[in-house]
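> Please find one structure pasted underneath; my questions will follow.
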Amino acid sequence: MGIHEYFKSLSDLEKIYRCPGKFKYEEHSVAEHSFKVTKIAQFLGTVEENRGNKINWKALYEKALNHDYAEIFIGDIKTPVKYADPDLRGRLAHVEESMTHHFIQQEFPEEFQAIYHERLKEGKDESMEGKILSVADKVDLLYESFGEIQKGNPEPLFNEIYQESLDTILEFKELKSVQYFLTEILPDLIRGEFTNQSELEKITHNILNNHKIEQTFAIDE
């Protein structure tokens, strides 16, 4: 009971693997994902700050590090499933919120409960830090799917995840960090020789066009 249970649960996050039920060349745990999202968010925040935007670093780190803790209760739900139905997504979010609330009330001393209700709540919001979290989360998912596509994984789900991730990133194209990602990072991801490169390049072109972004903005011709 108590904080011991919270500390113990952190190791459980290492055993929850993302995108369950599908063949993958490389597994990624929720714990690994949380670390990578935090590092990505740190860089994106650095870009924003370097371009003159104010960053609340404490809020950004807490949002990024804690953003998937609630998956300790319900596991990882595949992205296409989670986003297929807004009602389903809302119900899943409600279950996560309810179970996290109960866990904090049961295991945390009263003096820390309000702090952890704030830390473990949904971090994706309209603040600069919430937007950076949304982008960082999808950048890591983009790289996870790209890694499977690059290795020749025949499962079409990873193409779907790649498309959904890039689509979501581009919803935040007004951010300086997303513009940097498009001009400086995405071209390097696409460039090179790997299985299904031409298909992935075509998918990327189509998504950029749908968001009215010039192809040369991200892809070398």
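Each chain of the structure tokens is named A, B, ... in the order shown, its residues numbered from 1; ligands are numbered from 1 in display order.
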Please, which residues of segment 33-123 of chain A, numbered as in this document, come out helix (DSSP H, G or I) from DSSP, as a ChimeraX atom specification?
/A:33-50,57-66,71-74,79-84,86-107,110-119
> Which residues of segment 121-177 of chain A have any atom within 7 Å of an atom in segment 62-75 of chain A when counting only C-alpha atoms, and what is the closest pair of atoms for each, with the distance in Å to one decimal? Order the rows by chain and rising number and write it as a tab-separated table.

residue	atom	partner	partner_atom	distance
A:Glu122	CA	A:His67	CA	6.6
A:Gly123	CA	A:Lys63	CA	5.1
A:Leu133	CA	A:Ala64	CA	5.9
> If you count only C-alpha atoms, which residues fall within 12 Å of Leu44 of chain A, apart from same-chain ones fewer than 2 positions away, as an NGL selection string?
:A and (37-42 or 46-51 or 53 or 55 or 57 or 60-61 or 64 or 128-137 or 139 or 175-181 or 185)
> If you measure from atom CA of Thr168 of chain A to atom CA of Lys138 of chain A, what distance in Å do you get, rounded to one decimal?
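Rounded to one decimal, the two atoms are 7.0 Å apart.
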> Give me, as a list in words, all polymer residues having an atom no more than 8 Å from Ile3 of chain A, counting only C-alpha atoms and skipping those fewer than 5 positions away in the same chain.
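Residues meeting the cut-off are Glu107, Phe108 and Pro109 of chain A.
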> Find the residue from A:Ala93, A:Ile213, A:Asn196, A:Tyr143 that sits nearest to Lys173 of chain A; use only C-alpha atoms when measuring.
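Using only C-alpha atoms, the shortest distance to Lys173 of chain A belongs to A:Ile213.
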> List the spatial neighbours of Gly152 of chain A as an MDAnalysis selection string - criterion: any atom at most 8 Å away, only C-alpha atoms, same-chain residues fewer than 4 positions off excluded.
chainID A and resid 148 194:196
> May I have the residues from that selection written out with all heavy atoms, as a PDB file, in the first residue's frame?

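After the write, again.pdb holds the following:
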ATOM      1  N   GLU A 148       9.311  -0.146 -38.297  1.00  0.00           N
ATOM      2  CA  GLU A 148       8.740  -1.399 -38.795  1.00  0.00           C
ATOM      3  C   GLU A 148       8.648  -1.399 -40.317  1.00  0.00           C
ATOM      4  O   GLU A 148       8.947  -2.402 -40.969  1.00  0.00           O
ATOM      5  CB  GLU A 148       7.356  -1.620 -38.174  1.00  0.00           C
ATOM      6  CG  GLU A 148       7.375  -1.855 -36.669  1.00  0.00           C
ATOM      7  CD  GLU A 148       8.191  -3.070 -36.275  1.00  0.00           C
ATOM      8  OE1 GLU A 148       8.036  -4.135 -36.919  1.00  0.00           O
ATOM      9  OE2 GLU A 148       8.981  -2.959 -35.329  1.00  0.00           O
ATOM     10  N   PHE A 194      15.305   1.867 -48.388  1.00  0.00           N
ATOM     11  CA  PHE A 194      14.739   0.852 -47.504  1.00  0.00           C
ATOM     12  C   PHE A 194      13.499   0.287 -48.166  1.00  0.00           C
ATOM     13  O   PHE A 194      12.960   0.861 -49.121  1.00  0.00           O
ATOM     14  CB  PHE A 194      14.396   1.440 -46.123  1.00  0.00           C
ATOM     15  CG  PHE A 194      13.524   2.663 -46.163  1.00  0.00           C
ATOM     16  CD1 PHE A 194      12.140   2.560 -46.175  1.00  0.00           C
ATOM     17  CD2 PHE A 194      14.085   3.929 -46.182  1.00  0.00           C
ATOM     18  CE1 PHE A 194      11.331   3.673 -46.196  1.00  0.00           C
ATOM     19  CE2 PHE A 194      13.291   5.061 -46.202  1.00  0.00           C
ATOM     20  CZ  PHE A 194      11.911   4.940 -46.206  1.00  0.00           C
ATOM     21  N   THR A 195      13.041  -0.829 -47.666  1.00  0.00           N
ATOM     22  CA  THR A 195      11.851  -1.470 -48.219  1.00  0.00           C
ATOM     23  C   THR A 195      10.658  -0.523 -48.146  1.00  0.00           C
ATOM     24  O   THR A 195      10.446   0.138 -47.140  1.00  0.00           O
ATOM     25  CB  THR A 195      11.533  -2.752 -47.419  1.00  0.00           C
ATOM     26  OG1 THR A 195      12.674  -3.597 -47.428  1.00  0.00           O
ATOM     27  CG2 THR A 195      10.341  -3.489 -48.031  1.00  0.00           C
ATOM     28  N   ASN A 196       9.898  -0.449 -49.246  1.00  0.00           N
ATOM     29  CA  ASN A 196       8.691   0.374 -49.311  1.00  0.00           C
ATOM     30  C   ASN A 196       8.975   1.872 -49.248  1.00  0.00           C
ATOM     31  O   ASN A 196       8.087   2.661 -48.900  1.00  0.00           O
ATOM     32  CB  ASN A 196       7.705   0.001 -48.188  1.00  0.00           C
ATOM     33  CG  ASN A 196       7.199  -1.414 -48.305  1.00  0.00           C
ATOM     34  OD1 ASN A 196       7.076  -1.959 -49.397  1.00  0.00           O
ATOM     35  ND2 ASN A 196       6.924  -2.041 -47.172  1.00  0.00           N
TER      36      ASN A 196
END
> Looking at A:Ser29, A:Thr183, A:Gln105, A:Gln150, which one is nearest to Ile16 of chain A, with distances taken over only C-alpha atoms?
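Selected residue with least distance to Ile16 of chain A: A:Ser29.
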> Show which residues sit within 12 Å of His211 of chain A, as a list in words. Count only C-alpha atoms, and ignore same-chain residues fewer than 6 positions away.
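Those residues are Leu166, Asp167, Thr168, Ile169, Leu170, Glu171, Phe172, Lys173, Glu174, Thr204, His205 and Phe217 of chain A.
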> Let me make sure I understand: among A:Ala114, A:Leu200, A:Ala59, A:Leu120, which one has the smallest atom-to-atom distance to Glu97 of chain A if we use only C-alpha atoms?
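Among the listed residues, A:Leu120 lies closest to Glu97 of chain A.
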> To one decimal place in Å, what is the distance between atom CA of Asn206 of chain A and atom CA of Gly192 of chain A?
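Going from atom CA of Asn206 of chain A over to atom CA of Gly192 of chain A covers 19.2 Å.
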> What's around Glu155 of chain A at 9 Å? Count only C-alpha atoms, leave out sequence neighbours fewer than 4 positions away in its own chain, and write the answer as a list in words.
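In the requested format, the answer is Lys22, Phe23, Lys24, Glu148, Ile149 and Asn159 of chain A.
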> From the set A:Val95, A:Asp87, A:Leu157, A:His101, which residue has the shortest atom-to-atom contact distance to Cys19 of chain A, counting only C-alpha atoms?
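Of the candidates, the smallest distance to Cys19 of chain A is held by A:Leu157.
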> One decimal, in Å: what's the spacing between atom CA of Lys121 of chain A and atom CA of Thr100 of chain A?
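Interatomic distance here is 8.1 Å.
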